[in-house]
file data26.txt (compact mmCIF, C-alpha atoms)
# COMPACT_ATOMS: atom_id res chain seq x y z
CA MET T 1188 -101.62 -49.53 49.97
CA LYS T 1189 -103.92 -47.43 52.16
CA LEU T 1190 -104.60 -48.14 55.79
CA SER T 1191 -106.79 -46.30 58.23
CA ARG T 1192 -105.37 -45.47 61.66
CA ARG T 1193 -107.51 -48.22 63.20
CA GLN T 1194 -106.37 -50.77 60.61
CA PHE T 1195 -102.78 -49.78 61.21
CA MET T 1196 -103.06 -50.26 64.95
CA ARG T 1197 -104.61 -53.68 64.42
CA THR T 1198 -101.86 -54.67 61.98
CA THR T 1199 -98.90 -53.87 64.21
CA THR T 1200 -97.88 -55.16 67.62
CA LEU T 1201 -95.45 -53.04 69.62
CA GLY T 1202 -93.91 -53.22 73.03
CA SER T 1203 -95.37 -50.90 75.65
CA ILE T 1204 -93.80 -47.57 76.62
CA SER T 1205 -94.82 -45.20 79.38
CA LEU T 1206 -96.51 -42.07 77.99
CA ALA T 1207 -94.97 -39.63 80.48
CA ILE T 1208 -92.33 -38.47 78.01
CA PRO T 1209 -90.88 -34.94 78.03
CA ARG T 1210 -88.28 -35.67 75.35
CA LEU T 1211 -86.85 -38.46 73.24
CA LEU T 1212 -83.98 -40.47 74.66
CA ARG T 1213 -81.14 -41.27 72.35
CA ALA T 1214 -80.74 -44.82 71.10
CA GLU T 1215 -76.95 -44.97 71.26
CA PRO T 1216 -74.27 -46.88 73.14
CA PRO T 1217 -74.31 -45.96 76.84
CA ARG T 1218 -71.52 -44.01 78.47
CA LYS T 1219 -69.72 -45.56 81.38
CA ASN T 1220 -71.19 -44.70 84.76
CA THR T 1221 -70.57 -45.72 88.33
CA ASP T 1222 -74.19 -46.40 89.31
CA ASP T 1223 -75.23 -49.98 89.95
CA ILE T 1224 -77.95 -51.42 87.78
CA ILE T 1225 -80.84 -51.72 90.23
CA ILE T 1226 -83.40 -54.48 89.74
CA SER T 1227 -86.55 -54.37 91.85
CA ILE T 1228 -88.33 -57.68 92.39
CA PHE T 1229 -91.77 -57.34 93.93
CA LEU T 1230 -93.46 -60.36 95.53
CA ARG T 1231 -97.11 -59.44 95.03
CA GLY T 1232 -99.68 -60.80 97.43
CA ALA T 1233 -97.83 -60.22 100.73
CA ALA T 1234 -95.21 -62.94 101.10
CA ASP T 1235 -95.00 -64.54 104.53
CA GLY T 1236 -91.61 -63.57 105.94
CA LEU T 1237 -92.22 -65.65 109.07
CA ASN T 1238 -92.13 -68.87 107.05
CA ILE T 1239 -89.80 -67.77 104.24
CA ILE T 1240 -87.22 -66.55 106.77
CA PRO T 1241 -88.44 -68.46 109.85
CA PRO T 1242 -87.36 -67.10 113.25
CA TRP T 1243 -86.86 -70.59 114.57
CA GLY T 1244 -84.92 -69.31 117.59
CA ASP T 1245 -87.91 -67.34 118.89
CA PRO T 1246 -89.69 -69.58 121.42
CA ASP T 1247 -93.09 -68.17 120.48
CA TYR T 1248 -92.82 -68.96 116.77
CA HIS T 1249 -93.99 -72.57 116.98
CA GLN T 1250 -96.68 -71.71 119.53
CA LEU T 1251 -98.29 -69.22 117.15
CA ARG T 1252 -98.09 -71.64 114.23
CA PRO T 1253 -98.50 -75.16 115.61
CA THR T 1254 -99.07 -76.72 112.18
CA LEU T 1255 -97.55 -74.17 109.76
CA ALA T 1256 -94.24 -73.32 111.42
CA ILE T 1257 -91.14 -74.48 109.58
CA PRO T 1258 -89.40 -77.16 111.70
CA ASP T 1259 -86.13 -76.34 113.42
CA PRO T 1260 -82.82 -76.95 111.62
CA GLY T 1261 -81.86 -80.60 111.70
CA GLU T 1262 -85.46 -81.83 111.77
CA GLU T 1263 -87.19 -83.27 108.70
CA GLY T 1264 -88.17 -80.40 106.42
CA GLY T 1265 -86.35 -78.05 108.77
CA ALA T 1266 -85.10 -74.53 108.17
CA LEU T 1267 -81.68 -73.97 106.66
CA PRO T 1268 -79.86 -72.23 109.53
CA LEU T 1269 -78.47 -68.74 108.97
CA ASP T 1270 -77.61 -68.07 112.61
CA ASP T 1271 -78.96 -69.03 116.03
CA MET T 1272 -82.19 -67.16 115.40
CA PHE T 1273 -83.14 -67.26 111.72
CA GLY T 1274 -83.17 -69.73 108.87
CA LEU T 1275 -84.20 -70.04 105.26
CA HIS T 1276 -87.26 -71.95 104.09
CA PRO T 1277 -85.98 -75.41 103.06
CA GLY T 1278 -86.93 -74.63 99.46
CA MET T 1279 -84.27 -71.91 99.32
CA LYS T 1280 -81.21 -74.14 99.36
CA SER T 1281 -79.91 -72.60 96.12
CA LEU T 1282 -79.57 -69.23 97.89
CA LEU T 1283 -77.70 -70.55 100.92
CA PRO T 1284 -74.28 -70.55 99.16
CA LEU T 1285 -74.80 -66.91 98.14
CA TYR T 1286 -75.61 -66.00 101.73
CA GLU T 1287 -72.55 -67.85 102.98
CA ALA T 1288 -70.39 -66.13 100.32
CA GLY T 1289 -71.57 -62.73 101.55
CA ASP T 1290 -73.51 -61.75 98.41
CA LEU T 1291 -76.97 -62.08 99.98
CA ALA T 1292 -78.33 -60.15 102.94
CA ILE T 1293 -81.74 -60.46 104.55
CA ILE T 1294 -83.65 -57.74 106.36
CA HIS T 1295 -86.37 -58.94 108.74
CA ALA T 1296 -89.21 -57.21 110.60
CA CYS T 1297 -89.11 -54.46 107.99
CA GLY T 1298 -91.77 -52.82 105.89
CA SER T 1299 -93.96 -49.78 105.62
CA PRO T 1300 -95.31 -47.97 108.67
CA SER T 1301 -98.64 -47.65 106.85
CA PRO T 1302 -101.29 -49.71 108.68
CA SER T 1303 -103.01 -50.63 105.41
CA HIS T 1304 -103.91 -54.28 104.91
CA SER T 1305 -105.10 -53.60 101.35
CA HIS T 1306 -102.88 -55.19 98.71
CA PHE T 1307 -103.60 -52.45 96.18
CA GLN T 1308 -103.02 -49.54 98.52
CA ALA T 1309 -100.00 -51.03 100.26
CA GLN T 1310 -98.31 -51.91 96.96
CA ASP T 1311 -99.02 -48.47 95.56
CA LEU T 1312 -97.59 -46.68 98.59
CA MET T 1313 -94.51 -48.90 98.80
CA GLU T 1314 -93.73 -48.56 95.11
CA ARG T 1315 -94.05 -44.79 95.41
CA GLY T 1316 -91.90 -44.80 98.55
CA LEU T 1317 -94.58 -42.97 100.51
CA GLU T 1318 -96.40 -43.45 103.78
CA SER T 1319 -99.64 -41.83 102.68
CA THR T 1320 -101.22 -40.88 99.36
CA THR T 1321 -100.01 -37.61 97.82
CA GLN T 1322 -99.94 -36.09 94.36
CA GLU T 1323 -96.49 -37.61 93.76
CA TYR T 1324 -97.22 -40.04 90.93
CA ARG T 1325 -93.68 -41.34 90.37
CA GLY T 1326 -92.17 -44.43 91.90
CA TRP T 1327 -89.15 -44.35 94.21
CA LEU T 1328 -86.92 -45.83 91.52
CA GLY T 1329 -88.47 -43.48 88.98
CA ARG T 1330 -87.56 -40.45 91.08
CA TYR T 1331 -83.99 -41.71 91.27
CA LEU T 1332 -83.87 -42.08 87.48
CA ASP T 1333 -85.24 -38.57 86.98
CA TYR T 1334 -82.61 -37.14 89.31
CA ARG T 1335 -79.75 -39.02 87.65
CA ARG T 1336 -80.95 -38.56 84.06
CA ASP T 1337 -78.44 -37.12 81.61
CA ASP T 1338 -77.52 -37.48 77.96
CA SER T 1339 -76.06 -40.93 78.58
CA PHE T 1340 -79.54 -42.35 79.25
CA THR T 1341 -80.65 -44.59 76.40
CA VAL T 1342 -84.04 -45.84 75.28
CA PHE T 1343 -83.49 -48.97 77.38
CA HIS T 1344 -82.41 -47.21 80.58
CA ALA T 1345 -85.54 -48.54 82.36
CA VAL T 1346 -87.18 -51.87 81.54
CA ALA T 1347 -90.22 -53.44 83.20
CA MET T 1348 -90.80 -57.11 82.51
CA GLY T 1349 -94.50 -57.59 81.87
CA LEU T 1350 -97.34 -55.96 80.00
CA ALA T 1351 -97.36 -52.68 81.91
CA THR T 1352 -95.02 -50.40 83.80
CA PRO T 1353 -95.31 -50.87 87.58
CA ARG T 1354 -95.51 -47.80 89.79
CA THR T 1355 -91.90 -48.40 90.90
CA LEU T 1356 -90.53 -47.33 87.51
CA VAL T 1357 -92.98 -44.55 86.65
CA HIS T 1358 -91.03 -41.38 85.94
CA GLN T 1359 -90.75 -38.49 83.51
CA ALA T 1360 -88.92 -40.45 80.81
CA PRO T 1361 -90.10 -43.56 79.00
CA THR T 1362 -89.98 -47.01 80.55
CA ILE T 1363 -89.90 -49.96 78.18
CA SER T 1364 -92.35 -52.70 79.12
CA MET T 1365 -91.90 -56.08 77.47
CA SER T 1366 -93.04 -59.62 78.08
CA GLY T 1367 -90.02 -60.91 76.18
CA ILE T 1368 -87.47 -59.97 73.55
CA GLU T 1369 -89.19 -62.04 70.87
CA GLU T 1370 -92.48 -60.19 71.36
CA PHE T 1371 -90.92 -56.72 71.28
CA SER T 1372 -91.12 -56.20 67.52
CA LEU T 1373 -93.33 -55.18 64.63
CA LYS T 1374 -95.43 -58.21 63.70
CA LEU T 1375 -95.48 -57.51 59.97
CA PRO T 1376 -94.98 -59.36 56.69
CA GLU T 1377 -91.49 -58.52 55.48
CA THR T 1378 -92.84 -57.15 52.18
CA GLU T 1379 -95.01 -54.58 53.98
CA GLU T 1380 -92.77 -53.51 56.84
CA ASP T 1381 -91.25 -50.45 55.12
CA LYS T 1382 -94.65 -49.10 54.12
CA ILE T 1383 -96.06 -49.63 57.60
CA ARG T 1384 -93.10 -47.81 59.13
CA GLU T 1385 -93.72 -44.86 56.81
CA LEU T 1386 -97.37 -44.81 57.86
CA LEU T 1387 -96.41 -44.93 61.52
CA LEU T 1388 -94.18 -41.89 61.15
CA ALA T 1389 -96.79 -40.07 59.06
CA PHE T 1390 -99.51 -40.71 61.66
CA HIS T 1391 -97.31 -39.48 64.49
CA GLU T 1392 -95.35 -36.44 63.33
CA GLY T 1393 -96.58 -34.19 66.13
CA ASP T 1394 -95.58 -33.53 69.71
CA ARG T 1395 -98.49 -35.20 71.48
CA PRO T 1396 -97.56 -37.87 74.02
CA LEU T 1397 -98.93 -40.60 71.74
CA ASP T 1398 -96.89 -39.29 68.80
CA ILE T 1399 -93.69 -39.23 70.86
CA ALA T 1400 -94.40 -42.65 72.35
CA SER T 1401 -94.97 -44.16 68.90
CA ARG T 1402 -91.71 -42.79 67.51
CA GLU T 1403 -89.89 -43.85 70.66
CA THR T 1404 -91.31 -47.36 70.37
CA LEU T 1405 -90.14 -47.69 66.78
CA SER T 1406 -86.69 -46.47 67.83
CA ALA T 1407 -86.62 -49.02 70.63
CA VAL T 1408 -87.63 -51.85 68.29
CA ASP T 1409 -84.81 -50.94 65.92
CA GLU T 1410 -82.27 -50.59 68.73
CA LEU T 1411 -83.18 -53.99 70.16
CA ALA T 1412 -82.96 -55.62 66.75
CA ARG T 1413 -79.47 -54.19 66.21
CA ALA T 1414 -78.25 -55.34 69.62
CA ASN T 1415 -79.84 -58.80 69.23
CA PRO T 1416 -79.81 -59.79 72.93
CA LEU T 1417 -81.11 -63.26 72.04
CA GLN T 1418 -77.61 -64.14 70.89
CA TYR T 1419 -76.50 -64.24 74.52
CA ALA T 1420 -77.00 -67.60 76.19
CA PRO T 1421 -76.73 -67.88 79.99
CA GLU T 1422 -73.12 -68.11 81.13
CA ASN T 1423 -71.23 -69.96 83.84
CA GLY T 1424 -73.55 -72.95 83.63
CA ALA T 1425 -76.59 -70.97 84.80
CA GLU T 1426 -79.95 -72.69 84.31
CA TYR T 1427 -83.08 -70.61 84.79
CA PRO T 1428 -86.34 -72.28 85.82
CA ASP T 1429 -88.76 -72.80 82.94
CA THR T 1430 -91.28 -70.35 84.38
CA GLU T 1431 -92.43 -66.86 83.45
CA PHE T 1432 -90.33 -65.38 86.26
CA GLY T 1433 -87.31 -67.40 85.15
CA HIS T 1434 -87.73 -66.26 81.54
CA GLN T 1435 -88.06 -62.63 82.60
CA MET T 1436 -84.92 -62.66 84.71
CA ARG T 1437 -83.05 -64.37 81.90
CA THR T 1438 -84.25 -61.61 79.56
CA LEU T 1439 -82.92 -58.91 81.89
CA GLY T 1440 -79.59 -60.73 81.89
CA GLN T 1441 -79.55 -60.71 78.10
CA LEU T 1442 -80.34 -56.98 78.00
CA ILE T 1443 -77.51 -56.29 80.44
CA ARG T 1444 -75.07 -58.36 78.41
CA ALA T 1445 -76.14 -56.58 75.20
CA ASP T 1446 -74.93 -53.30 76.79
CA LEU T 1447 -78.09 -51.37 75.96
CA GLY T 1448 -77.62 -48.93 78.82
CA LEU T 1449 -79.97 -50.52 81.35
CA ARG T 1450 -80.01 -48.57 84.64
CA ALA T 1451 -83.07 -50.04 86.35
CA GLY T 1452 -85.39 -52.99 85.87
CA SER T 1453 -88.44 -54.43 87.57
CA VAL T 1454 -89.96 -57.90 87.73
CA ASN T 1455 -93.05 -59.16 89.54
CA LEU T 1456 -93.65 -62.58 91.04
CA GLY T 1457 -97.22 -62.97 92.21
CA GLY T 1458 -99.28 -65.56 94.07
CA TRP T 1459 -98.13 -64.93 97.66
CA ASP T 1460 -101.59 -64.28 99.18
CA THR T 1461 -101.69 -67.38 101.36
CA HIS T 1462 -104.97 -67.23 103.29
CA GLU T 1463 -105.28 -70.99 102.91
CA GLY T 1464 -103.05 -73.90 101.96
CA GLU T 1465 -99.92 -71.84 102.62
CA ALA T 1466 -97.46 -74.70 102.85
CA THR T 1467 -98.35 -75.97 99.37
CA THR T 1468 -98.08 -72.49 97.87
CA LEU T 1469 -94.73 -71.72 99.46
CA ASP T 1470 -93.34 -75.13 98.54
CA LYS T 1471 -93.91 -74.11 94.90
CA LEU T 1472 -93.09 -70.40 94.89
CA VAL T 1473 -90.10 -70.30 97.23
CA PRO T 1474 -87.91 -72.65 95.14
CA GLU T 1475 -88.89 -70.75 91.99
CA LEU T 1476 -87.79 -67.48 93.56
CA SER T 1477 -84.62 -68.95 95.02
CA ASP T 1478 -83.53 -70.91 91.94
CA THR T 1479 -84.17 -67.95 89.63
CA LEU T 1480 -82.17 -65.49 91.75
CA ALA T 1481 -79.33 -67.99 92.03
CA ALA T 1482 -79.36 -68.56 88.25
CA PHE T 1483 -79.24 -64.82 87.58
CA HIS T 1484 -76.33 -64.40 90.00
CA ARG T 1485 -74.42 -67.24 88.33
CA ASP T 1486 -75.28 -65.99 84.84
CA MET T 1487 -74.05 -62.46 85.51
CA GLY T 1488 -70.82 -63.60 87.15
CA ASP T 1489 -68.42 -60.68 87.61
CA ARG T 1490 -71.08 -58.29 86.35
CA MET T 1491 -72.74 -58.64 89.75
CA SER T 1492 -70.15 -56.13 90.99
CA GLY T 1493 -72.28 -53.50 89.25
CA ILE T 1494 -75.75 -54.96 89.83
CA THR T 1495 -77.92 -54.95 92.94
CA LEU T 1496 -81.22 -56.83 93.26
CA VAL T 1497 -83.72 -55.85 95.91
CA VAL T 1498 -86.65 -58.13 96.80
CA MET T 1499 -89.67 -56.76 98.68
CA THR T 1500 -93.35 -57.37 99.34
CA GLU T 1501 -96.19 -55.05 100.33
CA PHE T 1502 -96.62 -56.41 103.88
CA GLY T 1503 -96.18 -59.64 105.80
CA ARG T 1504 -98.65 -62.16 107.21
CA ARG T 1505 -100.26 -62.40 110.63
CA ALA T 1506 -98.12 -64.11 113.24
CA TYR T 1507 -100.97 -66.52 114.10
CA GLU T 1508 -101.96 -69.21 111.64
CA ASN T 1509 -105.66 -69.23 110.77
CA GLY T 1510 -108.17 -72.09 110.58
CA SER T 1511 -107.59 -72.67 106.86
CA ALA T 1512 -103.95 -73.76 107.04
CA GLY T 1513 -102.93 -70.25 106.06
CA THR T 1514 -102.20 -66.79 107.40
CA ASP T 1515 -104.07 -63.52 107.06
CA HIS T 1516 -102.76 -60.07 106.16
CA GLY T 1517 -100.15 -58.79 108.58
CA HIS T 1518 -97.74 -55.89 109.00
CA ALA T 1519 -93.94 -56.37 108.97
CA GLY T 1520 -92.39 -58.47 106.24
CA PHE T 1521 -88.87 -59.01 104.96
CA MET T 1522 -86.51 -57.88 102.21
CA MET T 1523 -83.54 -59.47 100.48
CA VAL T 1524 -80.69 -57.77 98.66
CA LEU T 1525 -78.28 -59.54 96.34
CA GLY T 1526 -75.04 -58.29 94.81
CA LYS T 1527 -71.26 -58.27 95.07
CA ASN T 1528 -71.34 -55.05 97.10
CA VAL T 1529 -73.81 -56.26 99.70
CA ASN T 1530 -72.57 -56.86 103.23
CA GLY T 1531 -74.18 -60.26 103.07
CA GLY T 1532 -74.09 -63.34 105.22
CA ARG T 1533 -76.19 -61.48 107.79
CA VAL T 1534 -79.81 -61.06 108.79
CA PHE T 1535 -80.25 -57.36 109.56
CA HIS T 1536 -82.94 -56.86 112.18
CA ASP T 1537 -84.13 -55.26 115.36
CA TRP T 1538 -86.22 -58.25 116.32
CA PRO T 1539 -89.42 -57.17 118.14
CA GLY T 1540 -90.37 -60.62 119.36
CA LEU T 1541 -93.50 -62.69 118.92
CA LYS T 1542 -94.98 -62.54 122.41
CA LYS T 1543 -98.58 -61.38 122.45
CA THR T 1544 -97.59 -58.10 124.10
CA ASP T 1545 -94.99 -57.48 121.37
CA LEU T 1546 -97.34 -57.92 118.41
CA TYR T 1547 -98.87 -55.12 116.39
CA GLY T 1548 -102.61 -54.62 115.99
CA ALA T 1549 -104.58 -57.84 115.75
CA GLY T 1550 -101.48 -60.01 116.00
CA ASP T 1551 -98.84 -58.92 113.50
CA LEU T 1552 -95.07 -58.72 113.56
CA GLN T 1553 -93.97 -55.17 114.37
CA VAL T 1554 -92.17 -53.07 111.75
CA THR T 1555 -88.85 -52.11 113.35
CA MET T 1556 -87.05 -51.05 110.15
CA ASP T 1557 -88.67 -48.82 107.56
CA TYR T 1558 -88.08 -50.28 104.10
CA ARG T 1559 -87.10 -46.83 102.87
CA ASN T 1560 -83.97 -46.98 105.00
CA VAL T 1561 -82.87 -50.01 102.98
CA LEU T 1562 -83.68 -48.36 99.65
CA GLY T 1563 -82.14 -45.08 100.74
CA GLU T 1564 -78.89 -46.77 101.69
CA LEU T 1565 -78.93 -48.60 98.35
CA ILE T 1566 -79.19 -45.33 96.42
CA SER T 1567 -76.67 -43.57 98.67
CA LYS T 1568 -73.98 -46.24 98.50
CA ARG T 1569 -74.43 -48.06 95.20
CA THR T 1570 -75.03 -44.99 92.99
CA ASN T 1571 -73.75 -41.43 92.91
CA GLY T 1572 -76.71 -40.66 95.14
CA MET T 1573 -79.41 -38.04 95.50
CA PRO T 1574 -80.94 -36.04 98.36
CA MET T 1575 -83.07 -38.34 100.51
CA ASP T 1576 -85.86 -35.75 100.82
CA LEU T 1577 -86.25 -35.93 97.04
CA LEU T 1578 -86.16 -39.72 96.97
CA PHE T 1579 -88.70 -40.04 99.82
CA PRO T 1580 -90.71 -36.79 100.09
CA ASP T 1581 -92.54 -37.71 103.32
CA PHE T 1582 -89.74 -39.55 105.15
CA ARG T 1583 -87.34 -37.61 107.36
CA GLU T 1584 -85.62 -40.30 109.42
CA THR T 1585 -83.39 -42.09 106.96
CA SER T 1586 -80.50 -44.02 108.48
CA HIS T 1587 -78.00 -46.62 107.33
CA SER T 1588 -77.54 -50.09 108.79
CA GLY T 1589 -74.40 -51.10 106.88
CA ILE T 1590 -76.28 -53.32 104.42
CA PHE T 1591 -74.28 -52.06 101.43
CA ARG T 1592 -70.65 -51.23 100.80
call {"tool": "encode", "arguments": {"input": "data26.txt", "output": "structure tokens"}}
result
Amino acid sequence: MKLSRRQFMRTTTLGSISLAIPRLLRAEPPRKNTDDIIISIFLRGAADGLNIIPPWGDPDYHQLRPTLAIPDPGEEGGALPLDDMFGLHPGMKSLLPLYEAGDLAIIHACGSPSPSHSHFQAQDLMERGLESTTQEYRGWLGRYLDYRRDDSFTVFHAVAMGLATPRTLVHQAPTISMSGIEEFSLKLPETEEDKIRELLLAFHEGDRPLDIASRETLSAVDELARANPLQYAPENGAEYPDTEFGHQMRTLGQLIRADLGLRAGSVNLGGWDTHEGEATTLDKLVPELSDTLAAFHRDMGDRMSGITLVVMTEFGRRAYENGSAGTDHGHAGFMMVLGKNVNGGRVFHDWPGLKKTDLYGAGDLQVTMDYRNVLGELISKRTNGMPMDLLFPDFRETSHSGIFR
């Protein structure tokens, strides 16, 4: 059987791998390490922290949002109280027990000091861990992986759920991108698979990035097939939502349980750009986010002692509601961190207030905590660490708030 290169590429379907590959990583059982598995969850579209984590105790909150503000605790549709100042959106009831157990912490009025209101630019800068554009192409989590990389790193040390690698996980070694375990395979008739594999290796014997990526992809396909993560059903009675985000988080759980050497993962949940009809959008997305995180926590059980999830968004929404039952692009947002080594049950904040004189720019919540302080503390305390000037090249004021143990 003879196939041209073009015919071959049309015949096979492979998972995606980053092409920035200086060397092959070994597909072998991982060595034990003391670093947490870090999972970055990015809420794309600028999630509204003022309604997801409503500051119901601020007297100006309801004045700025006369129709959109979440009602006070105890009222119909009211916030789930966290303390005398903050609450959870009522759709987040599945996360409240994790907060009360101390496994969930919330950081409010945090974000990037960049004034950008552009989704694309703000996401790019935040995922790189930078305040302004530089030649540094890697993501913050990618730089950490490059610093910590050793011979124990496996093919599946970094996994991005989706069709492409987000900036967060871009680094010098390959990142596996997959939409699901079932799709990460050679789509070939069984009788032709051996011949196609031989052609793949013959086409890509060299040292070009495409050659290395092709061989690495084939190695990853074989490694995944041997581990068979699909054999692992959710544990502890966990039930993931039947959504793309739910399926992706379940997949990460299966990869972790298969002991493939995962060090870092990323998942996106989009749709948070609520210029209009915000209440309807949040009523759908917030429970999906909450229920999925709670299912993952339950599924992983004791494994959460070595896993930390960090949830972030590119910026928040304007403090004032607009005339379309929504909110426009703002400045400060919020973060959430989940894990057994989180000092949870607290909302970490330096609340700037919502009075007109306290707002930023055209009417935004002030950023009083740089998101890089949260990520820096995560790397410092939940891994063997790295120099902060290497993790965040243009940030010199890192400090810890006691968010992690």
call {"tool": "atom_distance", "arguments": {"input": "data26.txt", "atom1": "atom CA of Asp1486 of chain T", "atom2": "atom CA of Ala1414 of chain T"}}
result
18.8 Å
call {"tool": "residues_around", "arguments": {"input": "data26.txt", "residues": "Trp1538 of chain T", "least_positions_apart": "5", "cutoff": "10 Å", "atoms": "all atoms listed in the file", "output": "number ranges by chain"}}
result
T: 1242, 1245, 1272, 1295-1297, 1552-1556
call {"tool": "closest_residue", "arguments": {"input": "data26.txt", "among": "T:Gly1510, T:Gly1531, T:Gly1265, T:Pro1302", "to": "Ala1549 of chain T", "atoms": "only C-alpha atoms"}}
result
T:Pro1302
call {"tool": "closest_residue", "arguments": {"input": "data26.txt", "among": "T:Arg1325, T:Lys1280, T:Arg1336, T:Arg1485", "to": "Thr1352 of chain T", "atoms": "only C-alpha atoms"}}
result
T:Arg1325
call {"tool": "residues_around", "arguments": {"input": "data26.txt", "residues": "segment 1422-1431 of chain T", "least_positions_apart": "3", "cutoff": "8 Å", "atoms": "only C-alpha atoms", "output": "NGL selection string"}}
result
:T and (1434-1435 or 1437 or 1475 or 1478-1479 or 1482-1483 or 1485-1488)
call {"tool": "write_last_selection", "arguments": {"input": "data26.txt", "atoms": "C-alpha atoms", "output": "tab-separated table (two decimals), keeping the file's coordinate frame"}}
result
chain	number	residue	atom	x	y	z
T	1434	HIS	CA	-87.73	-66.26	81.54
T	1435	GLN	CA	-88.06	-62.63	82.60
T	1437	ARG	CA	-83.05	-64.37	81.90
T	1475	GLU	CA	-88.89	-70.75	91.99
T	1478	ASP	CA	-83.53	-70.91	91.94
T	1479	THR	CA	-84.17	-67.95	89.63
T	1482	ALA	CA	-79.36	-68.56	88.25
T	1483	PHE	CA	-79.24	-64.82	87.58
T	1485	ARG	CA	-74.42	-67.24	88.33
T	1486	ASP	CA	-75.28	-65.99	84.84
T	1487	MET	CA	-74.05	-62.46	85.51
T	1488	GLY	CA	-70.82	-63.60	87.15
call {"tool": "residues_around", "arguments": {"input": "data26.txt", "residues": "Ala1288 of chain T", "least_positions_apart": "6", "cutoff": "12 Å", "atoms": "all atoms listed in the file", "output": "list in words"}}
result
Leu1282, Leu1525, Gly1526, Lys1527, Asn1528, Val1529, Asn1530, Gly1531, Gly1532 and Arg1533 of chain T
call {"tool": "closest_residue", "arguments": {"input": "data26.txt", "among": "T:Thr1438, T:Ser1511, T:Thr1495, T:Ser1281", "to": "Ile1590 of chain T", "atoms": "all atoms listed in the file"}}
result
T:Thr1495
call {"tool": "atom_distance", "arguments": {"input": "data26.txt", "atom1": "atom CA of Ser1364 of chain T", "atom2": "atom CA of Tyr1558 of chain T"}}
result
25.5 Å
call {"tool": "atom_distance", "arguments": {"input": "data26.txt", "atom1": "atom CA of Ser1227 of chain T", "atom2": "atom CA of Ala1451 of chain T"}}
result
7.8 Å
call {"tool": "closest_residue", "arguments": {"input": "data26.txt", "among": "T:Leu1328, T:Ala1292, T:Ala1347, T:Ala1506", "to": "Pro1253 of chain T", "atoms": "all atoms listed in the file"}}
result
T:Ala1506
call {"tool": "closest_residue", "arguments": {"input": "data26.txt", "among": "T:Asp1222, T:Glu1369, T:Glu1323, T:Asp1338", "to": "Arg1354 of chain T", "atoms": "all atoms listed in the file"}}
result
T:Glu1323
call {"tool": "residues_around", "arguments": {"input": "data26.txt", "residues": "segment 1230-1241 of chain T", "least_positions_apart": "6", "cutoff": "6 Å", "atoms": "only C-alpha atoms", "output": "PyMOL selection string"}}
result
chain T and resi 1273-1276+1456-1460+1500-1504+1520-1521
call {"tool": "residues_near_point", "arguments": {"input": "data26.txt", "point": "(-78.0, -61.1, 79.1)", "cutoff": "10 Å", "atoms": "all atoms listed in the file", "output": "list in words"}}
result
Pro1416, Leu1417, Gln1418, Tyr1419, Ala1420, Pro1421, Glu1422, Met1436, Arg1437, Thr1438, Leu1439, Gly1440, Gln1441, Leu1442, Ile1443, Arg1444, Ala1445, Asp1446, Phe1483, Asp1486 and Met1487 of chain T
call {"tool": "axis_aligned_box", "arguments": {"input": "data26.txt", "around": "segment 1413-1429 of chain T", "padding_each_side": "3 Å", "output": "JSON"}}
result
{"center_x": -80.0, "center_y": -63.6, "center_z": 76.0, "size_x": 23.5, "size_y": 24.8, "size_z": 25.6}
call {"tool": "closest_residue", "arguments": {"input": "data26.txt", "among": "T:Leu1317, T:Met1365, T:Leu1255, T:Met1348", "to": "Asp1576 of chain T", "atoms": "all atoms listed in the file"}}
result
T:Leu1317
call {"tool": "residues_near_point", "arguments": {"input": "data26.txt", "point": "(-93.5, -60.9, 87.2)", "cutoff": "6 Å", "atoms": "all atoms listed in the file", "output": "ChimeraX atom specification"}}
result
/T:1432,1454-1456
